[in-house]
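Structure file run-v4.pdb (PDB, C-alpha atoms, pLDDT in the B column) is printed below.
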```pdb
ATOM      1  CA  MET A   6      21.045 -10.851 -15.531  1.00 63.00           C
ATOM      2  CA  ARG A   7      24.794 -10.611 -15.397  1.00 69.00           C
ATOM      3  CA  ALA A   8      25.136 -12.587 -18.633  1.00 69.00           C
ATOM      4  CA  ILE A   9      23.645  -9.601 -20.432  1.00 70.00           C
ATOM      5  CA  SER A  10      24.744  -6.595 -18.394  1.00 71.00           C
ATOM      6  CA  HIS A  11      28.385  -7.694 -17.950  1.00 70.00           C
ATOM      7  CA  SER A  12      28.909  -9.088 -21.434  1.00 71.00           C
ATOM      8  CA  ASP A  13      31.888  -7.901 -23.453  1.00 73.00           C
ATOM      9  CA  ARG A  14      29.786  -8.342 -26.620  1.00 73.00           C
ATOM     10  CA  LYS A  15      26.960  -6.010 -25.686  1.00 75.00           C
ATOM     11  CA  SER A  16      24.519  -4.754 -28.302  1.00 79.00           C
ATOM     12  CA  ASP A  17      20.748  -4.554 -28.562  1.00 81.00           C
ATOM     13  CA  GLN A  18      20.616  -7.420 -31.041  1.00 83.00           C
ATOM     14  CA  VAL A  19      22.826  -9.727 -28.941  1.00 79.00           C
ATOM     15  CA  ASP A  20      20.919  -8.819 -25.748  1.00 79.00           C
ATOM     16  CA  ALA A  21      17.565  -9.521 -27.401  1.00 83.00           C
ATOM     17  CA  GLU A  22      18.803 -12.872 -28.661  1.00 83.00           C
ATOM     18  CA  LYS A  23      20.005 -13.878 -25.177  1.00 79.00           C
ATOM     19  CA  LEU A  24      16.650 -12.903 -23.666  1.00 77.00           C
ATOM     20  CA  ALA A  25      14.814 -14.904 -26.317  1.00 81.00           C
ATOM     21  CA  ARG A  26      16.970 -17.963 -25.631  1.00 78.00           C
ATOM     22  CA  TYR A  27      16.319 -17.685 -21.880  1.00 75.00           C
ATOM     23  CA  ALA A  28      12.582 -17.342 -22.502  1.00 74.00           C
ATOM     24  CA  ARG A  29      12.597 -20.371 -24.805  1.00 74.00           C
ATOM     25  CA  LEU A  30      14.459 -22.463 -22.243  1.00 71.00           C
ATOM     26  CA  ASP A  31      12.399 -21.517 -19.209  1.00 71.00           C
ATOM     27  CA  PRO A  32      10.016 -18.532 -19.166  1.00 65.00           C
ATOM     28  CA  ASN A  33       9.989 -18.564 -15.336  1.00 68.00           C
ATOM     29  CA  ILE A  34      13.574 -17.262 -15.367  1.00 66.00           C
ATOM     30  CA  LEU A  35      12.263 -13.982 -16.762  1.00 62.00           C
ATOM     31  CA  ARG A  36       9.708 -12.534 -14.384  1.00 64.00           C
ATOM     32  CA  PRO A  37       7.212 -10.088 -15.779  1.00 66.00           C
ATOM     33  CA  ILE A  38       7.818  -6.448 -14.959  1.00 71.00           C
ATOM     34  CA  ALA A  39       4.931  -4.590 -13.378  1.00 73.00           C
ATOM     35  CA  HIS A  40       5.175  -0.908 -14.226  1.00 80.00           C
ATOM     36  CA  ARG A  41       3.921   1.643 -11.747  1.00 84.00           C
ATOM     37  CA  THR A  42       1.196   4.050 -12.724  1.00 88.00           C
ATOM     38  CA  ILE A  43       2.015   7.708 -13.327  1.00 92.00           C
ATOM     39  CA  ALA A  44       0.354   8.612 -10.016  1.00 92.00           C
ATOM     40  CA  GLN A  45       2.481   6.045  -8.170  1.00 92.00           C
ATOM     41  CA  GLN A  46       5.661   7.331  -9.839  1.00 93.00           C
ATOM     42  CA  GLU A  47       4.782  10.903  -8.889  1.00 94.00           C
ATOM     43  CA  ALA A  48       4.108   9.874  -5.278  1.00 94.00           C
ATOM     44  CA  LEU A  49       7.437   8.020  -5.136  1.00 93.00           C
ATOM     45  CA  THR A  50       9.144  11.096  -6.559  1.00 95.00           C
ATOM     46  CA  LEU A  51       7.659  13.098  -3.696  1.00 96.00           C
ATOM     47  CA  ILE A  52       9.163  10.626  -1.219  1.00 95.00           C
ATOM     48  CA  ARG A  53      12.541  10.656  -2.993  1.00 94.00           C
ATOM     49  CA  ALA A  54      12.603  14.457  -3.100  1.00 96.00           C
ATOM     50  CA  ARG A  55      11.975  14.536   0.649  1.00 96.00           C
ATOM     51  CA  ALA A  56      14.820  12.045   1.167  1.00 95.00           C
ATOM     52  CA  LEU A  57      17.100  14.283  -0.886  1.00 96.00           C
ATOM     53  CA  LEU A  58      16.287  17.281   1.306  1.00 97.00           C
ATOM     54  CA  VAL A  59      16.938  15.221   4.439  1.00 96.00           C
ATOM     55  CA  ARG A  60      20.369  14.227   3.098  1.00 96.00           C
ATOM     56  CA  LEU A  61      21.163  17.859   2.191  1.00 97.00           C
ATOM     57  CA  ARG A  62      20.120  19.069   5.639  1.00 96.00           C
ATOM     58  CA  THR A  63      22.207  16.390   7.342  1.00 95.00           C
ATOM     59  CA  ALA A  64      25.255  17.342   5.273  1.00 96.00           C
ATOM     60  CA  ALA A  65      24.763  21.033   6.118  1.00 96.00           C
ATOM     61  CA  VAL A  66      24.354  20.329   9.850  1.00 95.00           C
ATOM     62  CA  ASN A  67      27.489  18.171   9.860  1.00 94.00           C
ATOM     63  CA  ALA A  68      29.394  20.874   7.975  1.00 94.00           C
ATOM     64  CA  VAL A  69      28.378  23.548  10.490  1.00 93.00           C
ATOM     65  CA  ARG A  70      29.387  21.308  13.382  1.00 93.00           C
ATOM     66  CA  GLY A  71      32.743  20.555  11.752  1.00 92.00           C
ATOM     67  CA  LEU A  72      33.486  24.190  10.856  1.00 93.00           C
ATOM     68  CA  THR A  73      32.683  25.467  14.334  1.00 92.00           C
ATOM     69  CA  LYS A  74      34.635  22.661  15.966  1.00 91.00           C
ATOM     70  CA  SER A  75      37.735  23.576  13.953  1.00 89.00           C
ATOM     71  CA  CYS A  76      37.471  27.067  15.481  1.00 89.00           C
ATOM     72  CA  GLY A  77      37.304  25.636  18.999  1.00 89.00           C
ATOM     73  CA  TYR A  78      33.535  25.767  19.553  1.00 89.00           C
ATOM     74  CA  ARG A  79      30.943  23.046  19.898  1.00 87.00           C
ATOM     75  CA  MET A  80      27.356  23.336  18.809  1.00 87.00           C
ATOM     76  CA  PRO A  81      24.770  22.227  21.371  1.00 85.00           C
ATOM     77  CA  THR A  82      23.120  18.861  21.085  1.00 88.00           C
ATOM     78  CA  SER A  83      19.705  19.377  19.570  1.00 87.00           C
ATOM     79  CA  ALA A  84      17.170  17.888  17.248  1.00 90.00           C
ATOM     80  CA  THR A  85      17.781  18.707  13.607  1.00 89.00           C
ATOM     81  CA  THR A  86      14.475  20.569  13.444  1.00 89.00           C
ATOM     82  CA  CYS A  87      15.702  23.270  15.854  1.00 90.00           C
ATOM     83  CA  PHE A  88      19.444  23.057  15.142  1.00 92.00           C
ATOM     84  CA  ALA A  89      19.630  26.334  13.210  1.00 91.00           C
ATOM     85  CA  GLN A  90      17.963  28.432  15.937  1.00 90.00           C
ATOM     86  CA  ARG A  91      19.879  26.904  18.828  1.00 91.00           C
ATOM     87  CA  SER A  92      23.222  27.114  17.035  1.00 90.00           C
ATOM     88  CA  LEU A  93      22.777  30.729  16.017  1.00 89.00           C
ATOM     89  CA  ALA A  94      21.937  31.645  19.617  1.00 88.00           C
ATOM     90  CA  VAL A  95      25.239  30.292  20.996  1.00 89.00           C
ATOM     91  CA  MET A  96      27.544  30.983  18.052  1.00 90.00           C
ATOM     92  CA  PRO A  97      30.188  33.722  18.365  1.00 90.00           C
ATOM     93  CA  PRO A  98      29.527  36.782  16.160  1.00 90.00           C
ATOM     94  CA  GLY A  99      32.367  36.071  13.701  1.00 88.00           C
ATOM     95  CA  LEU A 100      31.155  32.554  13.036  1.00 91.00           C
ATOM     96  CA  ALA A 101      27.521  33.658  12.980  1.00 91.00           C
ATOM     97  CA  GLN A 102      28.326  36.047  10.154  1.00 92.00           C
ATOM     98  CA  ALA A 103      30.089  33.317   8.165  1.00 92.00           C
ATOM     99  CA  LEU A 104      27.687  30.465   8.901  1.00 94.00           C
ATOM    100  CA  GLY A 105      24.445  32.434   9.231  1.00 92.00           C
ATOM    101  CA  PRO A 106      23.408  31.840   5.599  1.00 94.00           C
ATOM    102  CA  VAL A 107      24.042  28.099   5.997  1.00 95.00           C
ATOM    103  CA  LEU A 108      21.935  28.012   9.160  1.00 94.00           C
ATOM    104  CA  GLN A 109      19.212  29.916   7.325  1.00 95.00           C
ATOM    105  CA  GLN A 110      19.268  27.290   4.566  1.00 96.00           C
ATOM    106  CA  ILE A 111      19.020  24.532   7.171  1.00 96.00           C
ATOM    107  CA  ALA A 112      15.945  26.221   8.659  1.00 95.00           C
ATOM    108  CA  GLU A 113      14.357  26.606   5.210  1.00 97.00           C
ATOM    109  CA  ILE A 114      15.056  22.986   4.325  1.00 97.00           C
ATOM    110  CA  THR A 115      13.438  21.930   7.606  1.00 96.00           C
ATOM    111  CA  VAL A 116      10.292  23.869   6.688  1.00 96.00           C
ATOM    112  CA  LYS A 117      10.217  22.230   3.249  1.00 98.00           C
ATOM    113  CA  ILE A 118      10.651  18.755   4.779  1.00 97.00           C
ATOM    114  CA  LYS A 119       7.653  19.435   7.021  1.00 97.00           C
ATOM    115  CA  GLN A 120       5.656  20.457   3.941  1.00 98.00           C
ATOM    116  CA  TYR A 121       6.615  17.185   2.267  1.00 97.00           C
ATOM    117  CA  ASP A 122       5.558  15.303   5.403  1.00 97.00           C
ATOM    118  CA  ARG A 123       2.122  16.932   5.278  1.00 97.00           C
ATOM    119  CA  GLN A 124       1.770  16.125   1.569  1.00 97.00           C
ATOM    120  CA  ILE A 125       2.769  12.502   2.177  1.00 96.00           C
ATOM    121  CA  GLN A 126       0.293  12.169   5.041  1.00 96.00           C
ATOM    122  CA  GLN A 127      -2.530  13.642   2.972  1.00 96.00           C
ATOM    123  CA  LEU A 128      -1.641  11.494  -0.042  1.00 95.00           C
ATOM    124  CA  GLY A 129      -1.743   8.362   2.100  1.00 94.00           C
ATOM    125  CA  GLN A 130      -5.135   9.289   3.538  1.00 94.00           C
ATOM    126  CA  THR A 131      -6.789  10.277   0.256  1.00 95.00           C
ATOM    127  CA  GLU A 132      -5.177   8.334  -2.603  1.00 94.00           C
ATOM    128  CA  TYR A 133      -3.787   5.247  -0.846  1.00 94.00           C
ATOM    129  CA  PRO A 134      -6.199   4.254   1.954  1.00 93.00           C
ATOM    130  CA  GLU A 135      -4.439   0.875   2.354  1.00 92.00           C
ATOM    131  CA  THR A 136      -1.707   2.770   4.222  1.00 93.00           C
ATOM    132  CA  GLN A 137      -4.098   3.250   7.142  1.00 94.00           C
ATOM    133  CA  ALA A 138      -3.862  -0.428   8.089  1.00 92.00           C
ATOM    134  CA  LEU A 139      -0.059  -0.227   8.154  1.00 92.00           C
ATOM    135  CA  LEU A 140      -0.194   2.756  10.513  1.00 94.00           C
ATOM    136  CA  GLN A 141      -1.584   0.433  13.193  1.00 94.00           C
ATOM    137  CA  VAL A 142       1.846  -1.236  13.458  1.00 93.00           C
ATOM    138  CA  HIS A 143       4.000   0.309  16.191  1.00 94.00           C
ATOM    139  CA  GLY A 144       6.784   2.410  14.670  1.00 91.00           C
ATOM    140  CA  VAL A 145       5.254   2.712  11.198  1.00 92.00           C
ATOM    141  CA  GLY A 146       4.454   6.253  10.173  1.00 93.00           C
ATOM    142  CA  HIS A 147       2.920   7.818   7.103  1.00 95.00           C
ATOM    143  CA  LEU A 148       6.216   7.908   5.202  1.00 94.00           C
ATOM    144  CA  THR A 149       7.017   4.235   5.746  1.00 91.00           C
ATOM    145  CA  ALA A 150       3.450   3.119   5.032  1.00 93.00           C
ATOM    146  CA  LEU A 151       3.221   5.038   1.769  1.00 93.00           C
ATOM    147  CA  THR A 152       6.693   3.943   0.660  1.00 91.00           C
ATOM    148  CA  PHE A 153       5.744   0.314   1.353  1.00 89.00           C
ATOM    149  CA  VAL A 154       2.494   0.533  -0.611  1.00 90.00           C
ATOM    150  CA  LEU A 155       4.119   2.308  -3.551  1.00 90.00           C
ATOM    151  CA  THR A 156       7.114  -0.037  -3.652  1.00 86.00           C
ATOM    152  CA  LEU A 157       4.857  -3.074  -3.887  1.00 85.00           C
ATOM    153  CA  GLY A 158       2.606  -1.461  -6.458  1.00 83.00           C
ATOM    154  CA  SER A 159      -0.330  -3.780  -7.005  1.00 80.00           C
ATOM    155  CA  LYS A 160      -0.838  -6.426  -4.339  1.00 76.00           C
ATOM    156  CA  THR A 161      -2.190  -8.778  -7.014  1.00 79.00           C
ATOM    157  CA  ARG A 162       1.408  -9.255  -8.233  1.00 79.00           C
ATOM    158  CA  PHE A 163       2.098 -11.576  -5.308  1.00 78.00           C
ATOM    159  CA  GLY A 164       0.673 -15.011  -4.615  1.00 81.00           C
ATOM    160  CA  PRO A 165       1.235 -15.907  -0.972  1.00 82.00           C
ATOM    161  CA  SER A 166       2.039 -13.037   1.386  1.00 78.00           C
ATOM    162  CA  ARG A 167       5.486 -14.543   2.042  1.00 78.00           C
ATOM    163  CA  ASP A 168       6.469 -13.563  -1.501  1.00 77.00           C
ATOM    164  CA  VAL A 169       6.367  -9.912  -0.436  1.00 78.00           C
ATOM    165  CA  GLY A 170       9.163 -10.480   2.084  1.00 75.00           C
ATOM    166  CA  CYS A 171      11.361 -12.082  -0.564  1.00 73.00           C
ATOM    167  CA  TYR A 172      10.582  -9.271  -2.996  1.00 73.00           C
ATOM    168  CA  LEU A 173      11.736  -6.775  -0.384  1.00 75.00           C
ATOM    169  CA  GLY A 174      14.974  -8.665   0.261  1.00 72.00           C
ATOM    170  CA  LEU A 175      13.871 -10.085   3.607  1.00 72.00           C
ATOM    171  CA  ARG A 176      15.245 -13.525   3.012  1.00 70.00           C
ATOM    172  CA  PRO A 177      18.526 -15.124   4.037  1.00 69.00           C
ATOM    173  CA  ARG A 178      21.479 -15.046   1.678  1.00 67.00           C
ATOM    174  CA  ARG A 179      22.844 -18.515   1.143  1.00 64.00           C
ATOM    175  CA  SER A 180      26.139 -19.861  -0.030  1.00 64.00           C
ATOM    176  CA  GLN A 181      25.895 -23.615  -0.445  1.00 63.00           C
ATOM    177  CA  SER A 182      28.683 -25.812  -1.735  1.00 65.00           C
ATOM    178  CA  GLY A 183      28.659 -29.539  -1.105  1.00 66.00           C
ATOM    179  CA  ASP A 184      28.078 -30.215   2.581  1.00 70.00           C
ATOM    180  CA  HIS A 185      28.823 -26.624   3.550  1.00 68.00           C
ATOM    181  CA  ASP A 186      25.711 -24.455   3.781  1.00 63.00           C
ATOM    182  CA  SER A 187      26.158 -21.047   5.327  1.00 65.00           C
ATOM    183  CA  GLN A 188      23.576 -18.346   5.834  1.00 62.00           C
ATOM    184  CA  LEU A 189      25.117 -14.930   5.374  1.00 62.00           C
ATOM    185  CA  GLY A 190      22.439 -12.700   6.867  1.00 61.00           C
ATOM    186  CA  ILE A 191      19.601 -10.932   5.108  1.00 62.00           C
ATOM    187  CA  THR A 192      19.962  -9.805   1.513  1.00 60.00           C
ATOM    188  CA  HIS A 193      19.825  -6.118   0.714  1.00 60.00           C
ATOM    189  CA  ALA A 194      18.169  -6.562  -2.652  1.00 61.00           C
ATOM    190  CA  SER A 195      15.170  -4.364  -2.023  1.00 61.00           C
ATOM    191  CA  ASN A 196      14.349  -0.728  -2.573  1.00 65.00           C
ATOM    192  CA  ALA A 197      16.829   1.496  -0.707  1.00 70.00           C
ATOM    193  CA  ASN A 198      14.167   4.070   0.196  1.00 70.00           C
ATOM    194  CA  LEU A 199      11.977   1.414   1.771  1.00 71.00           C
ATOM    195  CA  ARG A 200      14.893  -0.090   3.726  1.00 69.00           C
ATOM    196  CA  SER A 201      15.851   3.288   5.164  1.00 71.00           C
TER     197      SER A 201
END
```
Would you mind giving the structure from this file in structure tokens?
Amino acid sequence: MRAISHSDRKSDQVDAEKLARYARLDPNILRPIAHRTIAQQEALTLIRARALLVRLRTAAVNAVRGLTKSCGYRMPTSATTCFAQRSLAVMPPGLAQALGPVLQQIAEITVKIKQYDRQIQQLGQTEYPETQALLQVHGVGHLTALTFVLTLGSKTRFGPSRDVGCYLGLRPRRSQSGDHDSQLGITHASNANLRS
């Protein structure tokens, strides 16, 4: 609601009055908000914390690669899970002394990410059994299934199943003016964690 959030006359009283006027005009403009339960919020926090660790590990791996490259060395191509061990094995002693603590942190973060993965898998199996049906789809793992279920919240919020796609931003963006109607690709209006 840009009329409220981008107003140059913003106050609680003015915002409440605008909302009341919209509701009086057409209540369908204002969709009801479905709050997640505490358990759902905690599970989503688990997923977001894991995503944070993944971003930190990626930044550390890229930093190690960049720092060694500036000294004339290249780290071997490897999966992120074994990057620390493989890099330490081929790194010259001077760089190993400087970057050893960073590689140790990368290894510790990898262990913590695996712990999060186990927690997410167990949570999906015990608390959210509806994730099991999503696991049957090729390419969908425990993380994606649980994120999908938690992002939607209660499935009773949606009428036809097609509404879920629109809620997740899987609908074309349109820009129509007169006879010109262009489709600009898919919107990115959904949850960033679910999209990634």
Translate the PyMOL selection byres ((chain A and resi 140) around 12) into a concrete residue list for this structure, as an mmCIF file with C-alpha atoms, in the coordinates of the input.
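So the final result, stored in part.cif, reads:
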```
data_model
loop_
_atom_site.group_PDB
_atom_site.id
_atom_site.type_symbol
_atom_site.label_atom_id
_atom_site.label_comp_id
_atom_site.auth_asym_id
_atom_site.auth_seq_id
_atom_site.Cartn_x
_atom_site.Cartn_y
_atom_site.Cartn_z
ATOM 1 C CA GLN A 126 0.293 12.169 5.041
ATOM 2 C CA GLY A 129 -1.743 8.362 2.100
ATOM 3 C CA GLN A 130 -5.135 9.289 3.538
ATOM 4 C CA PRO A 134 -6.199 4.254 1.954
ATOM 5 C CA GLU A 135 -4.439 0.875 2.354
ATOM 6 C CA THR A 136 -1.707 2.770 4.222
ATOM 7 C CA GLN A 137 -4.098 3.250 7.142
ATOM 8 C CA ALA A 138 -3.862 -0.428 8.089
ATOM 9 C CA LEU A 139 -0.059 -0.227 8.154
ATOM 10 C CA GLN A 141 -1.584 0.433 13.193
ATOM 11 C CA VAL A 142 1.846 -1.236 13.458
ATOM 12 C CA HIS A 143 4.000 0.309 16.191
ATOM 13 C CA GLY A 144 6.784 2.410 14.670
ATOM 14 C CA VAL A 145 5.254 2.712 11.198
ATOM 15 C CA GLY A 146 4.454 6.253 10.173
ATOM 16 C CA HIS A 147 2.920 7.818 7.103
ATOM 17 C CA LEU A 148 6.216 7.908 5.202
ATOM 18 C CA THR A 149 7.017 4.235 5.746
ATOM 19 C CA ALA A 150 3.450 3.119 5.032
ATOM 20 C CA LEU A 151 3.221 5.038 1.769
ATOM 21 C CA PHE A 153 5.744 0.314 1.353
ATOM 22 C CA VAL A 154 2.494 0.533 -0.611
#
```
Run the PyMOL selection byres ((chain A and resi 55-57) around 12) on the file and write out the hits as a PyMOL selection string. chain A and resi 48-54+58-64+114-125+148-149+152+197-199+201
Which neighbours of Cys76 (chain A) fall inside 12 Å, counting all atoms listed in the file, when residues of the same chain fewer than 3 positions from it are skipped, and could you give them as a ChimeraX atom specification? /A:69-73,79-80,96-97,99-100
Find the residues near Ala94 (chain A): any atom within 12 Å, counting all atoms listed in the file, skip ones fewer than 6 places away on the same chain, and give them as a list in words.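 Residues near the query, excluding close chain neighbours: Met80, Pro81, Cys87, Phe88, Leu100, Ala101, Gly105 and Leu108 of chain A.
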Given the file above and the PyMOL selection byres ((chain A and resi 157) around 10), which residues are selected, and can you give them as a VMD selection string? chain A and resid 39 41 152 to 156 158 to 163 169 172 to 173 196
Atomic distance CA of Glu113 (chain A) - CA of Ser83 (chain A), expressed in Å with one decimal: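 So the two atoms, CA of Glu113 (chain A) and CA of Ser83 (chain A), lie 16.9 Å apart.
A straight line drawn from CA of Gly164 (chain A) to CA of Lys23 (chain A) is 28.2 Å long.
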Atom pair CA of Val95 (chain A) / CA of Ala65 (chain A): separation (Å):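 Going from CA of Val95 (chain A) over to CA of Ala65 (chain A) covers 17.5 Å.
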Any chance you could work out the axis-aligned box around region 40-59 of chain A, listed atoms only, 4 Å on each side, giving centre and edge lengths in Å to one decimal, as lines of an AutoDock Vina configuration file?
```
center_x = 8.7
center_y = 8.2
center_z = -4.9
size_x = 24.7
size_y = 26.2
size_z = 26.7
```
Counting all atoms listed in the file, the residue of A:Val107, A:Gln18, A:Thr131, A:Ser75 that sits nearest Leu93 (chain A):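 The answer is A:Val107, which sits nearest to Leu93 (chain A).
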Region 137-147 of chain A from the block above: all heavy atoms written as a PDB file, in the first residue's frame:
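Once written, out.pdb looks like this:
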```
ATOM      1  N   GLN A 137       6.213 -34.677   3.465  1.00  0.00           N
ATOM      2  CA  GLN A 137       6.576 -35.967   2.869  1.00  0.00           C
ATOM      3  C   GLN A 137       6.036 -36.110   1.449  1.00  0.00           C
ATOM      4  O   GLN A 137       6.691 -36.706   0.589  1.00  0.00           O
ATOM      5  CB  GLN A 137       6.092 -37.124   3.757  1.00  0.00           C
ATOM      6  CG  GLN A 137       6.658 -37.096   5.171  1.00  0.00           C
ATOM      7  CD  GLN A 137       8.168 -36.985   5.203  1.00  0.00           C
ATOM      8  OE1 GLN A 137       8.875 -37.798   4.608  1.00  0.00           O
ATOM      9  NE2 GLN A 137       8.684 -35.967   5.883  1.00  0.00           N
ATOM     10  N   ALA A 138       4.866 -35.553   1.193  1.00  0.00           N
ATOM     11  CA  ALA A 138       4.309 -35.613  -0.167  1.00  0.00           C
ATOM     12  C   ALA A 138       5.145 -34.778  -1.128  1.00  0.00           C
ATOM     13  O   ALA A 138       5.346 -35.160  -2.287  1.00  0.00           O
ATOM     14  CB  ALA A 138       2.866 -35.128  -0.165  1.00  0.00           C
ATOM     15  N   LEU A 139       5.654 -33.648  -0.665  1.00  0.00           N
ATOM     16  CA  LEU A 139       6.471 -32.787  -1.525  1.00  0.00           C
ATOM     17  C   LEU A 139       7.819 -33.423  -1.856  1.00  0.00           C
ATOM     18  O   LEU A 139       8.409 -33.121  -2.887  1.00  0.00           O
ATOM     19  CB  LEU A 139       6.690 -31.433  -0.843  1.00  0.00           C
ATOM     20  CG  LEU A 139       5.433 -30.593  -0.620  1.00  0.00           C
ATOM     21  CD1 LEU A 139       5.740 -29.387   0.254  1.00  0.00           C
ATOM     22  CD2 LEU A 139       4.854 -30.160  -1.956  1.00  0.00           C
ATOM     23  N   LEU A 140       8.305 -34.283  -0.982  1.00  0.00           N
ATOM     24  CA  LEU A 140       9.592 -34.944  -1.218  1.00  0.00           C
ATOM     25  C   LEU A 140       9.538 -35.908  -2.394  1.00  0.00           C
ATOM     26  O   LEU A 140      10.589 -36.313  -2.910  1.00  0.00           O
ATOM     27  CB  LEU A 140      10.050 -35.689   0.041  1.00  0.00           C
ATOM     28  CG  LEU A 140      10.400 -34.805   1.235  1.00  0.00           C
ATOM     29  CD1 LEU A 140      10.667 -35.656   2.467  1.00  0.00           C
ATOM     30  CD2 LEU A 140      11.584 -33.910   0.928  1.00  0.00           C
ATOM     31  N   GLN A 141       8.338 -36.267  -2.830  1.00  0.00           N
ATOM     32  CA  GLN A 141       8.190 -37.171  -3.973  1.00  0.00           C
ATOM     33  C   GLN A 141       8.530 -36.478  -5.291  1.00  0.00           C
ATOM     34  O   GLN A 141       8.818 -37.133  -6.286  1.00  0.00           O
ATOM     35  CB  GLN A 141       6.752 -37.717  -4.048  1.00  0.00           C
ATOM     36  CG  GLN A 141       6.293 -38.409  -2.776  1.00  0.00           C
ATOM     37  CD  GLN A 141       7.191 -39.570  -2.399  1.00  0.00           C
ATOM     38  OE1 GLN A 141       7.545 -40.374  -3.243  1.00  0.00           O
ATOM     39  NE2 GLN A 141       7.544 -39.652  -1.131  1.00  0.00           N
ATOM     40  N   VAL A 142       8.517 -35.134  -5.288  1.00  0.00           N
ATOM     41  CA  VAL A 142       8.830 -34.369  -6.497  1.00  0.00           C
ATOM     42  C   VAL A 142      10.339 -34.361  -6.690  1.00  0.00           C
ATOM     43  O   VAL A 142      11.095 -34.082  -5.753  1.00  0.00           O
ATOM     44  CB  VAL A 142       8.297 -32.921  -6.382  1.00  0.00           C
ATOM     45  CG1 VAL A 142       8.662 -32.102  -7.612  1.00  0.00           C
ATOM     46  CG2 VAL A 142       6.795 -32.919  -6.156  1.00  0.00           C
ATOM     47  N   HIS A 143      10.781 -34.662  -7.905  1.00  0.00           N
ATOM     48  CA  HIS A 143      12.212 -34.710  -8.210  1.00  0.00           C
ATOM     49  C   HIS A 143      12.841 -33.340  -7.956  1.00  0.00           C
ATOM     50  O   HIS A 143      12.354 -32.319  -8.425  1.00  0.00           O
ATOM     51  CB  HIS A 143      12.427 -35.116  -9.669  1.00  0.00           C
ATOM     52  CG  HIS A 143      13.873 -35.133 -10.064  1.00  0.00           C
ATOM     53  ND1 HIS A 143      14.746 -36.093  -9.612  1.00  0.00           N
ATOM     54  CD2 HIS A 143      14.596 -34.290 -10.833  1.00  0.00           C
ATOM     55  CE1 HIS A 143      15.946 -35.850 -10.104  1.00  0.00           C
ATOM     56  NE2 HIS A 143      15.872 -34.761 -10.849  1.00  0.00           N
ATOM     57  N   GLY A 144      13.919 -33.321  -7.185  1.00  0.00           N
ATOM     58  CA  GLY A 144      14.639 -32.082  -6.913  1.00  0.00           C
ATOM     59  C   GLY A 144      14.204 -31.357  -5.658  1.00  0.00           C
ATOM     60  O   GLY A 144      14.816 -30.377  -5.277  1.00  0.00           O
ATOM     61  N   VAL A 145      13.152 -31.825  -5.013  1.00  0.00           N
ATOM     62  CA  VAL A 145      12.677 -31.189  -3.776  1.00  0.00           C
ATOM     63  C   VAL A 145      13.217 -31.973  -2.596  1.00  0.00           C
ATOM     64  O   VAL A 145      12.982 -33.171  -2.464  1.00  0.00           O
ATOM     65  CB  VAL A 145      11.129 -31.139  -3.732  1.00  0.00           C
ATOM     66  CG1 VAL A 145      10.646 -30.618  -2.387  1.00  0.00           C
ATOM     67  CG2 VAL A 145      10.598 -30.275  -4.855  1.00  0.00           C
ATOM     68  N   GLY A 146      13.958 -31.276  -1.753  1.00  0.00           N
ATOM     69  CA  GLY A 146      14.515 -31.899  -0.559  1.00  0.00           C
ATOM     70  C   GLY A 146      13.783 -31.433   0.686  1.00  0.00           C
ATOM     71  O   GLY A 146      12.781 -30.714   0.620  1.00  0.00           O
ATOM     72  N   HIS A 147      14.306 -31.824   1.817  1.00  0.00           N
ATOM     73  CA  HIS A 147      13.663 -31.513   3.095  1.00  0.00           C
ATOM     74  C   HIS A 147      13.601 -30.006   3.342  1.00  0.00           C
ATOM     75  O   HIS A 147      12.597 -29.497   3.834  1.00  0.00           O
ATOM     76  CB  HIS A 147      14.404 -32.205   4.241  1.00  0.00           C
ATOM     77  CG  HIS A 147      14.311 -33.689   4.177  1.00  0.00           C
ATOM     78  ND1 HIS A 147      13.192 -34.373   4.587  1.00  0.00           N
ATOM     79  CD2 HIS A 147      15.185 -34.627   3.733  1.00  0.00           C
ATOM     80  CE1 HIS A 147      13.386 -35.672   4.409  1.00  0.00           C
ATOM     81  NE2 HIS A 147      14.586 -35.847   3.890  1.00  0.00           N
TER      82      HIS A 147
END
```
